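my_file11.txt, holding compact mmCIF, C-alpha atoms and all ligand atoms:
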# COMPACT_ATOMS: atom_id res chain seq x y z
CA MET P 1 -1.56 -29.18 -16.27
CA ASN P 2 -0.50 -26.61 -18.90
CA LYS P 3 -2.84 -23.69 -19.41
CA ILE P 4 -3.99 -22.99 -22.95
CA ILE P 5 -2.07 -19.98 -24.27
CA ASN P 6 -4.16 -17.78 -26.56
CA HIS P 7 -1.90 -16.01 -29.04
CA ASP P 8 -4.59 -13.40 -29.75
CA ARG P 9 -4.08 -12.14 -26.19
CA THR P 10 -1.44 -9.50 -25.43
CA ALA P 11 1.95 -11.05 -24.79
CA VAL P 12 3.29 -10.03 -21.39
CA THR P 13 6.48 -10.23 -19.40
CA VAL P 14 6.60 -10.48 -15.62
CA ILE P 15 9.89 -9.53 -13.97
CA GLY P 16 10.39 -10.55 -10.36
CA LEU P 17 9.07 -13.90 -9.18
CA GLY P 18 8.81 -13.37 -5.45
CA ASN P 19 5.55 -14.23 -3.73
CA MET P 20 3.72 -11.45 -5.55
CA GLY P 21 5.36 -11.79 -8.97
CA VAL P 22 4.48 -15.50 -9.15
CA ALA P 23 0.83 -14.66 -8.40
CA LEU P 24 0.83 -11.98 -11.14
CA ALA P 25 2.36 -14.35 -13.72
CA GLU P 26 -0.11 -17.09 -12.75
CA ALA P 27 -3.01 -14.67 -13.30
CA PHE P 28 -1.74 -13.94 -16.83
CA LEU P 29 -1.33 -17.64 -17.58
CA LYS P 30 -4.83 -18.31 -16.29
CA GLY P 31 -6.10 -15.56 -18.62
CA GLY P 32 -4.39 -17.26 -21.57
CA HIS P 33 -1.71 -14.59 -22.13
CA PRO P 34 1.59 -15.64 -23.69
CA THR P 35 3.76 -14.97 -20.62
CA THR P 36 7.53 -14.55 -20.39
CA VAL P 37 9.12 -14.44 -16.95
CA TRP P 38 12.48 -13.57 -15.43
CA ASN P 39 13.85 -13.74 -11.93
CA ARG P 40 17.33 -13.44 -10.41
CA SER P 41 16.88 -16.92 -8.90
CA ALA P 42 15.69 -18.76 -12.00
CA ASN P 43 14.39 -21.79 -10.08
CA LYS P 44 11.40 -19.75 -8.90
CA ALA P 45 10.11 -19.91 -12.49
CA ASP P 46 9.85 -23.73 -12.49
CA GLY P 47 6.18 -23.91 -11.50
CA LEU P 48 5.24 -21.20 -14.01
CA VAL P 49 7.18 -22.86 -16.85
CA ALA P 50 5.29 -26.08 -16.07
CA LYS P 51 2.08 -24.07 -16.59
CA GLY P 52 3.20 -22.69 -19.96
CA ALA P 53 5.36 -19.61 -19.21
CA ALA P 54 8.59 -18.97 -21.15
CA LEU P 55 11.66 -18.33 -19.00
CA ALA P 56 13.90 -15.62 -20.50
CA ALA P 57 17.63 -16.26 -20.30
CA THR P 58 18.43 -12.66 -19.35
CA PHE P 59 16.67 -9.58 -17.98
CA ALA P 60 17.12 -7.85 -21.37
CA ASP P 61 15.60 -10.83 -23.22
CA ALA P 62 12.61 -10.76 -20.86
CA VAL P 63 12.00 -7.07 -21.59
CA ALA P 64 12.39 -7.58 -25.33
CA ALA P 65 9.92 -10.51 -25.38
CA SER P 66 6.65 -8.55 -24.90
CA PRO P 67 5.04 -5.18 -25.58
CA VAL P 68 3.89 -4.99 -21.95
CA VAL P 69 6.35 -5.51 -19.10
CA ILE P 70 5.20 -5.87 -15.49
CA ILE P 71 7.88 -5.41 -12.87
CA CYS P 72 7.45 -6.40 -9.23
CA LEU P 73 10.75 -6.49 -7.34
CA SER P 74 11.50 -5.92 -3.67
CA THR P 75 12.48 -2.22 -3.95
CA TYR P 76 12.94 0.61 -6.45
CA GLU P 77 16.70 0.43 -5.83
CA VAL P 78 16.72 -3.23 -6.94
CA MET P 79 14.53 -2.36 -9.93
CA HIS P 80 16.84 0.44 -11.13
CA GLU P 81 19.87 -1.79 -10.62
CA GLN P 82 18.28 -4.18 -13.10
CA LEU P 83 16.97 -1.53 -15.50
CA SER P 84 20.07 0.67 -15.74
CA PRO P 85 22.22 -1.63 -17.94
CA LEU P 86 19.44 -1.76 -20.58
CA THR P 87 20.09 0.30 -23.69
CA ASP P 88 17.02 0.64 -25.89
CA GLU P 89 15.21 -2.64 -25.16
CA LEU P 90 12.43 -0.86 -23.25
CA SER P 91 11.88 1.93 -25.78
CA GLY P 92 8.30 1.90 -27.17
CA ARG P 93 7.13 -0.66 -24.62
CA VAL P 94 4.69 -0.27 -21.76
CA LEU P 95 6.24 -0.67 -18.31
CA VAL P 96 3.86 -1.23 -15.39
CA ASN P 97 5.73 -1.04 -12.11
CA LEU P 98 4.06 -2.70 -9.12
CA THR P 99 7.08 -2.46 -6.82
CA SER P 100 6.45 -0.77 -3.44
CA GLY P 101 8.30 2.42 -2.53
CA THR P 102 7.65 6.12 -2.09
CA PRO P 103 5.69 8.60 -4.22
CA ASP P 104 8.91 10.43 -5.14
CA GLN P 105 10.56 7.21 -6.26
CA ALA P 106 7.59 6.60 -8.55
CA ARG P 107 7.66 10.18 -9.90
CA ASN P 108 11.40 10.00 -10.57
CA THR P 109 10.99 6.66 -12.32
CA ALA P 110 8.31 8.25 -14.53
CA ILE P 111 10.83 10.95 -15.52
CA TRP P 112 13.45 8.25 -16.15
CA ALA P 113 10.95 6.36 -18.34
CA ALA P 114 9.88 9.45 -20.32
CA GLU P 115 13.54 10.23 -21.13
CA ARG P 116 13.77 6.74 -22.68
CA GLU P 117 10.43 6.88 -24.52
CA VAL P 118 9.00 4.17 -22.30
CA GLU P 119 5.26 4.35 -21.62
CA TYR P 120 4.98 4.11 -17.85
CA LEU P 121 2.26 3.34 -15.32
CA ASP P 122 2.98 3.07 -11.62
CA GLY P 123 0.79 0.89 -9.44
CA ALA P 124 0.29 -0.22 -5.85
CA ILE P 125 -1.21 -3.59 -4.97
CA MET P 126 -3.55 -3.44 -1.95
CA ALA P 127 -3.72 -7.20 -1.51
CA VAL P 128 -1.76 -10.31 -0.63
CA PRO P 129 -0.75 -12.73 -3.41
CA GLN P 130 -3.67 -15.10 -2.69
CA LEU P 131 -6.11 -12.30 -3.63
CA ILE P 132 -4.57 -11.64 -7.05
CA GLY P 133 -7.14 -12.27 -9.79
CA LEU P 134 -10.27 -11.75 -7.69
CA PRO P 135 -12.96 -9.27 -8.82
CA GLU P 136 -12.77 -7.25 -5.57
CA THR P 137 -8.97 -6.97 -5.41
CA LEU P 138 -7.90 -3.32 -5.28
CA ILE P 139 -4.89 -2.08 -7.23
CA PHE P 140 -4.14 1.64 -7.62
CA TYR P 141 -2.69 3.03 -10.87
CA GLY P 142 -1.29 6.43 -11.84
CA GLY P 143 0.03 7.86 -15.12
CA SER P 144 -1.43 8.72 -18.50
CA LYS P 145 -5.19 8.16 -18.61
CA THR P 146 -5.05 7.07 -22.24
CA LEU P 147 -2.36 4.52 -21.39
CA PHE P 148 -4.32 3.24 -18.40
CA GLU P 149 -7.57 2.94 -20.35
CA ALA P 150 -5.84 1.13 -23.22
CA HIS P 151 -4.48 -1.48 -20.79
CA ALA P 152 -7.22 -1.59 -18.15
CA PRO P 153 -8.72 -4.89 -19.43
CA LEU P 154 -5.26 -6.47 -19.20
CA LEU P 155 -4.59 -5.03 -15.73
CA ARG P 156 -7.97 -6.25 -14.46
CA VAL P 157 -6.56 -9.77 -14.78
CA PHE P 158 -4.74 -8.94 -11.51
CA GLY P 159 -7.75 -7.50 -9.73
CA GLY P 160 -11.20 -6.33 -10.80
CA ASN P 161 -10.94 -3.14 -8.75
CA ALA P 162 -8.25 -1.38 -10.83
CA ALA P 163 -8.53 2.19 -9.54
CA TYR P 164 -7.09 4.93 -11.75
CA LEU P 165 -5.96 7.92 -9.63
CA GLY P 166 -4.93 10.43 -12.28
CA ASP P 167 -1.77 11.42 -14.11
CA ASP P 168 0.43 11.79 -10.99
CA HIS P 169 2.64 8.67 -11.02
CA GLY P 170 3.20 9.17 -7.27
CA ALA P 171 -0.50 8.93 -6.35
CA PRO P 172 -0.75 5.10 -6.12
CA LEU P 173 2.05 4.89 -3.56
CA LEU P 174 0.68 7.91 -1.68
CA TYR P 175 -2.67 6.13 -1.32
CA ASP P 176 -0.86 2.89 -0.50
CA LEU P 177 1.17 4.53 2.27
CA ALA P 178 -1.91 6.33 3.61
CA LEU P 179 -3.72 3.01 3.99
CA LEU P 180 -0.66 1.22 5.37
CA THR P 181 -0.16 3.98 7.97
CA MET P 182 -3.74 3.41 9.12
CA LEU P 183 -3.03 -0.31 9.26
CA TYR P 184 0.20 -0.12 11.27
CA GLY P 185 -1.22 2.49 13.67
CA SER P 186 -4.24 0.33 14.42
CA VAL P 187 -2.32 -2.95 14.65
CA TYR P 188 0.15 -1.35 17.08
CA GLY P 189 -2.79 -0.17 19.20
CA TYR P 190 -4.25 -3.69 19.05
CA LEU P 191 -0.96 -5.19 20.26
CA HIS P 192 -0.62 -2.57 23.02
CA ALA P 193 -4.15 -3.52 24.11
CA HIS P 194 -3.12 -7.16 24.42
CA ALA P 195 0.02 -6.20 26.33
CA PHE P 196 -2.31 -4.55 28.87
CA LEU P 197 -4.63 -7.56 29.01
CA SER P 198 -1.76 -10.05 29.34
CA THR P 199 -0.79 -8.43 32.68
CA ALA P 200 -4.03 -9.94 34.08
CA ASN P 201 -3.81 -13.17 32.02
CA ILE P 202 -6.76 -12.19 29.82
CA SER P 203 -6.47 -14.08 26.56
CA PRO P 204 -6.93 -12.44 23.15
CA THR P 205 -9.72 -14.94 22.45
CA ALA P 206 -11.61 -13.96 25.59
CA PHE P 207 -11.29 -10.29 24.64
CA LEU P 208 -12.25 -10.80 20.99
CA PRO P 209 -16.01 -10.06 21.29
CA PHE P 210 -15.27 -6.72 22.99
CA ALA P 211 -12.52 -5.81 20.49
CA THR P 212 -14.92 -6.60 17.64
CA ASN P 213 -17.68 -4.50 19.17
CA TRP P 214 -15.28 -1.58 19.75
CA VAL P 215 -13.85 -1.67 16.22
CA ASN P 216 -17.27 -1.93 14.56
CA HIS P 217 -19.18 0.54 16.69
CA VAL P 218 -16.57 3.09 17.75
CA ILE P 219 -13.34 2.99 15.73
CA ALA P 220 -14.68 2.29 12.23
CA PRO P 221 -17.52 4.84 12.40
CA SER P 222 -15.19 7.52 13.77
CA ILE P 223 -12.66 7.26 10.92
CA THR P 224 -14.90 6.33 8.01
CA ASN P 225 -17.63 8.92 8.32
CA PRO P 226 -18.25 11.90 6.04
CA ASP P 227 -18.46 14.37 8.98
CA SER P 228 -14.91 13.57 10.06
CA ALA P 229 -13.65 13.78 6.46
CA ARG P 230 -15.38 17.16 6.08
CA ALA P 231 -13.92 18.42 9.39
CA LEU P 232 -10.40 17.71 8.09
CA GLU P 233 -11.16 19.33 4.73
CA GLU P 234 -12.73 22.43 6.25
CA ARG P 235 -10.34 22.52 9.22
CA ASN P 236 -13.41 22.93 11.38
CA TYR P 237 -12.96 21.00 14.62
CA ALA P 238 -16.11 21.95 16.50
CA THR P 239 -17.58 19.03 18.48
CA ASP P 240 -20.21 18.24 21.05
CA VAL P 241 -19.14 14.60 21.37
CA SER P 242 -15.58 14.08 22.58
CA ASN P 243 -13.09 16.91 22.87
CA LEU P 244 -9.31 17.30 23.14
CA ASN P 245 -9.45 17.82 26.95
CA THR P 246 -11.07 14.39 27.38
CA ASN P 247 -8.79 12.65 24.88
CA LYS P 248 -5.63 14.21 26.35
CA LEU P 249 -6.63 12.75 29.73
CA GLY P 250 -7.35 9.39 28.07
CA LEU P 251 -3.84 9.34 26.62
CA GLU P 252 -2.40 10.25 30.03
CA HIS P 253 -4.20 7.32 31.63
CA ILE P 254 -2.82 4.91 29.03
CA ILE P 255 0.73 6.24 29.44
CA ARG P 256 0.54 6.19 33.24
CA ALA P 257 -0.99 2.70 33.40
CA SER P 258 1.59 1.42 30.91
CA LYS P 259 4.34 2.68 33.20
CA GLU P 260 2.70 1.07 36.26
CA LEU P 261 2.39 -2.24 34.39
CA ASP P 262 5.87 -2.01 32.82
CA ILE P 263 4.65 -1.82 29.22
CA PRO P 264 6.30 0.46 26.63
CA ALA P 265 4.10 3.40 25.62
CA GLU P 266 6.67 5.62 23.92
CA TRP P 267 4.70 5.59 20.67
CA LEU P 268 1.85 7.54 22.29
CA LYS P 269 3.99 10.30 23.78
CA PRO P 270 4.30 12.44 20.61
CA LEU P 271 0.51 12.26 20.20
CA HIS P 272 -0.01 13.24 23.83
CA ALA P 273 2.46 16.14 23.41
CA ILE P 274 0.47 17.52 20.47
CA ALA P 275 -2.84 17.22 22.35
CA ALA P 276 -1.30 18.88 25.46
CA GLN P 277 0.12 21.73 23.37
CA GLN P 278 -3.24 22.35 21.68
CA VAL P 279 -5.06 22.28 25.03
CA ALA P 280 -2.51 24.79 26.37
CA GLU P 281 -3.23 26.98 23.33
CA GLY P 282 -6.93 27.03 24.25
CA TYR P 283 -8.31 24.38 21.87
CA GLY P 284 -9.44 21.95 24.61
CA ASN P 285 -13.08 22.04 23.51
CA ASP P 286 -12.22 21.16 19.89
CA ALA P 287 -12.46 17.66 18.47
CA PHE P 288 -9.47 15.31 18.63
CA GLU P 289 -9.13 15.72 14.84
CA ARG P 290 -7.44 19.08 15.57
CA VAL P 291 -4.25 17.03 16.00
CA PHE P 292 -4.20 16.97 12.19
CA GLU P 293 -3.19 20.67 12.29
CA ALA P 294 0.14 19.62 13.83
CA LEU P 295 0.69 16.80 11.33
CA ARG P 296 -0.37 18.26 8.00
CA LYS P 297 2.10 19.86 5.60
CA SER P 298 1.78 23.60 6.05
N1 LIG P 301 3.64 -10.06 -0.84
C1 LIG P 301 2.69 -9.17 -0.58
O1 LIG P 301 1.75 -9.44 0.17
C2 LIG P 301 2.72 -7.82 -1.25
C3 LIG P 301 1.56 -7.02 -1.23
C4 LIG P 301 1.56 -5.78 -1.86
C5 LIG P 301 2.71 -5.33 -2.48
N2 LIG P 301 3.84 -6.13 -2.48
C6 LIG P 301 5.05 -5.59 -3.11
O2 LIG P 301 5.46 -6.40 -4.20
C7 LIG P 301 6.90 -6.36 -4.29
C8 LIG P 301 7.41 -7.79 -4.28
O3 LIG P 301 6.98 -8.39 -3.07
P1 LIG P 301 7.12 -9.96 -2.81
O4 LIG P 301 6.20 -10.30 -1.70
O5 LIG P 301 7.02 -10.70 -4.11
O6 LIG P 301 8.62 -10.02 -2.26
P2 LIG P 301 9.61 -11.26 -2.22
O7 LIG P 301 8.86 -12.54 -2.19
O8 LIG P 301 10.58 -10.98 -1.14
O9 LIG P 301 10.36 -11.17 -3.64
C9 LIG P 301 11.31 -10.16 -3.89
C10 LIG P 301 11.67 -10.17 -5.35
O10 LIG P 301 12.72 -9.20 -5.56
C11 LIG P 301 13.85 -9.89 -6.11
N3 LIG P 301 15.10 -9.29 -5.64
C12 LIG P 301 15.40 -8.90 -4.38
N4 LIG P 301 16.67 -8.40 -4.34
C13 LIG P 301 17.14 -8.47 -5.61
C14 LIG P 301 18.36 -8.09 -6.23
N5 LIG P 301 19.35 -7.51 -5.52
N6 LIG P 301 18.50 -8.30 -7.56
C15 LIG P 301 17.50 -8.88 -8.29
N7 LIG P 301 16.32 -9.26 -7.77
C16 LIG P 301 16.13 -9.05 -6.45
C17 LIG P 301 13.71 -11.32 -5.63
O11 LIG P 301 14.52 -12.15 -6.43
P3 LIG P 301 15.05 -13.56 -5.83
O12 LIG P 301 13.88 -14.51 -5.93
O13 LIG P 301 16.18 -13.91 -6.70
O14 LIG P 301 15.46 -13.31 -4.40
C18 LIG P 301 12.21 -11.52 -5.84
O15 LIG P 301 11.90 -11.65 -7.21
C19 LIG P 301 7.40 -5.55 -3.09
O16 LIG P 301 7.69 -4.24 -3.48
C20 LIG P 301 6.22 -5.61 -2.13
O17 LIG P 301 6.18 -4.52 -1.24
C21 LIG P 301 3.86 -7.36 -1.91

Translate the structure described by the file into structure tokens.
Amino acid sequence: MNKIINHDRTAVTVIGLGNMGVALAEAFLKGGHPTTVWNRSANKADGLVAKGAALAATFADAVAASPVVIICLSTYEVMHEQLSPLTDELSGRVLVNLTSGTPDQARNTAIWAAEREVEYLDGAIMAVPQLIGLPETLIFYGGSKTLFEAHAPLLRVFGGNAAYLGDDHGAPLLYDLALLTMLYGSVYGYLHAHAFLSTANISPTAFLPFATNWVNHVIAPSITNPDSARALEERNYATDVSNLNTNKLGLEHIIRASKELDIPAEWLKPLHAIAAQQVAEGYGNDAFERVFEALRKS
């Protein structure tokens, strides 16, 4: 059924109708916004057109159709490939870029936009498409505060938790990569754990209660507590709980057992090397967080 388009609402364009772009356009349609869409493969717009979206014939027409343009393509390279042939179609418009990439790509795009008098916000979506439009969905934004505040009600259509991080356009992707690094590190550890367990035919389901207990009572408290955050900030690694000597040995046991059981453990060797170096330098009684000294930008 067609959604009712409310012409008092800001007209918007969504460029890129992959899994995420379709969810973004649907959220606008649900909110009653006149919505223009464009995608390289035009057939992906069919469902949105049936719900009331207008399909632009060209990328330039899509940009010219609305004062606010949301872009969500696979990479910054793809985005610039599409943007570079434009002449002045974007000038005076607001461009909100939700494409994933690196902080420097976002900062360079902000410079590119300023040179063309395009008002630019960069954003990072911390959710899967099914979560777009929910009150708790977190999306980071960076750029001019005035610009963000003027468009915050519109951007909250995508997710109620629209977090403004300041005028650095690179901040959203820095936060995004920080969280993703935590995710991939923990998921790799989870999969390594199951590689261990599979050598004795222990199923993931059987192990689940213990994994849940460990995550909730040991892992989560150790990386989401103010004392650990303060230790990193103050570079004060004193501990009476679990020191580098103990954790270095723990890593050695994992690496040795992995070898015995024929499981790859290469990913842990750089971490072990840092811990061993710091122990050799006399920091064995410090907390494991001292490893941060070897990782942080000096
Ligand atoms: N999906 C998620 O869960 C999620 C979560 C957070 C952030 N994101 C970010 O959102 C962005 C889009 O993700 P997605 O899941 O929607 O990806 P996707 O489903 O793979 O869609 C990719 C989009 O990029 C377009 N594209 C790729 N190469 C192109 C080219 N050479 N020229 C023109 N268009 C091109 C595709 O067009 P065609 O349809 O023509 O191929 C499509 O619109 C990514 O940066 C992703 O990291 C996604």

When you draw a straight line from CA of Lys145 (chain P) to CA of Arg9 (chain P), how long is it in Å?
21.7 Å

Please tabulate, as a tab-separated table, the residues of chain P that come within 9 Å of ligand LIG 301 (chain P), each with its closest pair of atoms and the distance in Å to one decimal, counting all atoms listed in the file and ordering rows by chain, then residue number upward.
residue	atom	partner	partner_atom	distance
P:Ile15	CA	P:LIG301	O15	7.4
P:Gly16	CA	P:LIG301	O15	3.7
P:Leu17	CA	P:LIG301	O15	4.1
P:Gly18	CA	P:LIG301	O9	3.2
P:Asn19	CA	P:LIG301	O5	3.8
P:Met20	CA	P:LIG301	O5	3.7
P:Gly21	CA	P:LIG301	O5	5.3
P:Val22	CA	P:LIG301	O5	7.4
P:Ala23	CA	P:LIG301	O5	8.5
P:Trp38	CA	P:LIG301	O15	8.5
P:Asn39	CA	P:LIG301	O15	5.5
P:Arg40	CA	P:LIG301	O13	3.9
P:Ser41	CA	P:LIG301	O13	3.8
P:Ala42	CA	P:LIG301	O13	7.2
P:Asn43	CA	P:LIG301	O12	8.4
P:Lys44	CA	P:LIG301	O12	6.5
P:Ile71	CA	P:LIG301	C7	8.7
P:Cys72	CA	P:LIG301	C7	5.0
P:Leu73	CA	P:LIG301	O10	3.8
P:Ser74	CA	P:LIG301	O10	4.0
P:Thr75	CA	P:LIG301	O16	5.2
P:Tyr76	CA	P:LIG301	O16	7.7
P:Glu77	CA	P:LIG301	N5	8.4
P:Val78	CA	P:LIG301	C14	5.2
P:Met79	CA	P:LIG301	C15	7.3
P:Glu81	CA	P:LIG301	N6	7.3
P:Gln82	CA	P:LIG301	C15	6.8
P:Leu98	CA	P:LIG301	O2	6.3
P:Thr99	CA	P:LIG301	O16	3.8
P:Ser100	CA	P:LIG301	O16	3.7
P:Gly101	CA	P:LIG301	O16	6.8
P:Ala124	CA	P:LIG301	C5	6.6
P:Ile125	CA	P:LIG301	C4	4.7
P:Met126	CA	P:LIG301	C4	5.6
P:Ala127	CA	P:LIG301	C3	5.3
P:Val128	CA	P:LIG301	O1	3.7
P:Pro129	CA	P:LIG301	O1	5.5
P:Gln130	CA	P:LIG301	O1	8.3

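Ranking P:Ala62, P:Ala50, P:Leu244, P:Leu154 by their shortest atom-to-atom distance to Val37 (chain P), with all atoms listed in the file included, puts P:Ala62 first.
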
Which residues are near region 171-180 of chain P? Cut-off 10 Å, all atoms listed in the file, ignore same chain within fewer than 4 positions. Put them as a VMD selection string.
chain P and resid 98 to 107 121 to 126 139 to 143 163 to 167 184 to 186

Residues at most 9 Å from Phe292 (chain P), counting only C-alpha atoms, excluding those fewer than 3 positions away in the same chain, as a ChimeraX atom specification?
/P:232,235,288-289,295-296

Return as lines of an AutoDock Vina configuration file the box centre and box size in Å, one decimal, for an axis-aligned box around all listed atoms of region 256-269 of chain P padded by 4 Å per side.
center_x = 2.8
center_y = 4.0
center_z = 28.5
size_x = 15.7
size_y = 20.5
size_z = 23.6

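Near Thr137 (chain P), within 9 Å and counting all atoms listed in the file, sit P:Ile125, P:Met126, P:Ala127, P:Leu131, P:Ile132, P:Gly133, P:Leu134, P:Pro135, P:Ile139, P:Phe158, P:Gly159, P:Gly160, P:Asn161, P:Ala162, not including residues fewer than 2 positions from it in the same chain.
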
Those same residues, written as an mmCIF file, in the frame of the given file with C-alpha atoms?
data_model
loop_
_atom_site.group_PDB
_atom_site.id
_atom_site.type_symbol
_atom_site.label_atom_id
_atom_site.label_comp_id
_atom_site.auth_asym_id
_atom_site.auth_seq_id
_atom_site.Cartn_x
_atom_site.Cartn_y
_atom_site.Cartn_z
ATOM 1 C CA ILE P 125 -1.210 -3.590 -4.970
ATOM 2 C CA MET P 126 -3.550 -3.440 -1.950
ATOM 3 C CA ALA P 127 -3.720 -7.200 -1.510
ATOM 4 C CA LEU P 131 -6.110 -12.300 -3.630
ATOM 5 C CA ILE P 132 -4.570 -11.640 -7.050
ATOM 6 C CA GLY P 133 -7.140 -12.270 -9.790
ATOM 7 C CA LEU P 134 -10.270 -11.750 -7.690
ATOM 8 C CA PRO P 135 -12.960 -9.270 -8.820
ATOM 9 C CA ILE P 139 -4.890 -2.080 -7.230
ATOM 10 C CA PHE P 158 -4.740 -8.940 -11.510
ATOM 11 C CA GLY P 159 -7.750 -7.500 -9.730
ATOM 12 C CA GLY P 160 -11.200 -6.330 -10.800
ATOM 13 C CA ASN P 161 -10.940 -3.140 -8.750
ATOM 14 C CA ALA P 162 -8.250 -1.380 -10.830
#

Compare P:Ile70, P:Ile5, P:Leu83, P:Val118 by their minimum atom-to-atom distance to Asn97 (chain P), counting all atoms listed in the file, and give me the closest one.
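Of the candidates, the smallest distance to Asn97 (chain P) is held by P:Ile70.
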
For region 263-279 of chain P, please output as JSON, numbers by chain all residues within 8 Å (counting only C-alpha atoms; exclusion window: fewer than 4 positions along the same chain).
{"P": [195, 196, 244, 245, 247, 248, 251, 252, 254, 255, 258, 259, 283, 284, 288, 291, 294]}

Out of P:Thr13, P:Ser242, P:Ser91, P:Ser203, which residue has the shortest atom-to-atom distance to Thr36 (chain P) when counting all atoms listed in the file?
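Answer, going by the shortest atom-to-atom distance: P:Thr13.
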
Please work out which residues fall within 12 Å of (19.9, -1.9, -24.2), coordinates as given in the file, with all atoms listed in the file counting, and return them as a PyMOL selection string.
chain P and resi 58-64+82-91+116

Next, the residues of the selection above should be written as an mmCIF file, in the frame of the given file with C-alpha atoms.
data_model
loop_
_atom_site.group_PDB
_atom_site.id
_atom_site.type_symbol
_atom_site.label_atom_id
_atom_site.label_comp_id
_atom_site.auth_asym_id
_atom_site.auth_seq_id
_atom_site.Cartn_x
_atom_site.Cartn_y
_atom_site.Cartn_z
ATOM 1 C CA THR P 58 18.430 -12.660 -19.350
ATOM 2 C CA PHE P 59 16.670 -9.580 -17.980
ATOM 3 C CA ALA P 60 17.120 -7.850 -21.370
ATOM 4 C CA ASP P 61 15.600 -10.830 -23.220
ATOM 5 C CA ALA P 62 12.610 -10.760 -20.860
ATOM 6 C CA VAL P 63 12.000 -7.070 -21.590
ATOM 7 C CA ALA P 64 12.390 -7.580 -25.330
ATOM 8 C CA GLN P 82 18.280 -4.180 -13.100
ATOM 9 C CA LEU P 83 16.970 -1.530 -15.500
ATOM 10 C CA SER P 84 20.070 0.670 -15.740
ATOM 11 C CA PRO P 85 22.220 -1.630 -17.940
ATOM 12 C CA LEU P 86 19.440 -1.760 -20.580
ATOM 13 C CA THR P 87 20.090 0.300 -23.690
ATOM 14 C CA ASP P 88 17.020 0.640 -25.890
ATOM 15 C CA GLU P 89 15.210 -2.640 -25.160
ATOM 16 C CA LEU P 90 12.430 -0.860 -23.250
ATOM 17 C CA SER P 91 11.880 1.930 -25.780
ATOM 18 C CA ARG P 116 13.770 6.740 -22.680
#

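Computed from the coordinates, the CA of Leu261 (chain P) to CA of Tyr188 (chain P) distance equals 17.5 Å.
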
How many Å lie between CA of Leu197 (chain P) and CA of Ala220 (chain P), rounded to one decimal?
21.9 Å

Of the candidates P:Glu281, P:Phe28, P:Ala287, P:Thr239, which shows the shortest atom-to-atom distance to Pro153 (chain P), using only C-alpha atoms?
P:Phe28

Rank P:Ala65, P:Ala25, P:Ala231, P:Ala200 by their smallest atom-to-atom distance to Gly47 (chain P), using all atoms listed in the file, and report the top residue only.
P:Ala25

Give the answer as one residue: which of P:Leu191, P:Ala114, P:Ala57, P:Val68 has the shortest atom-to-atom distance to Ala150 (chain P), using only C-alpha atoms?
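Comparing P:Leu191, P:Ala114, P:Ala57, P:Val68 against Ala150 (chain P), the winner is P:Val68.
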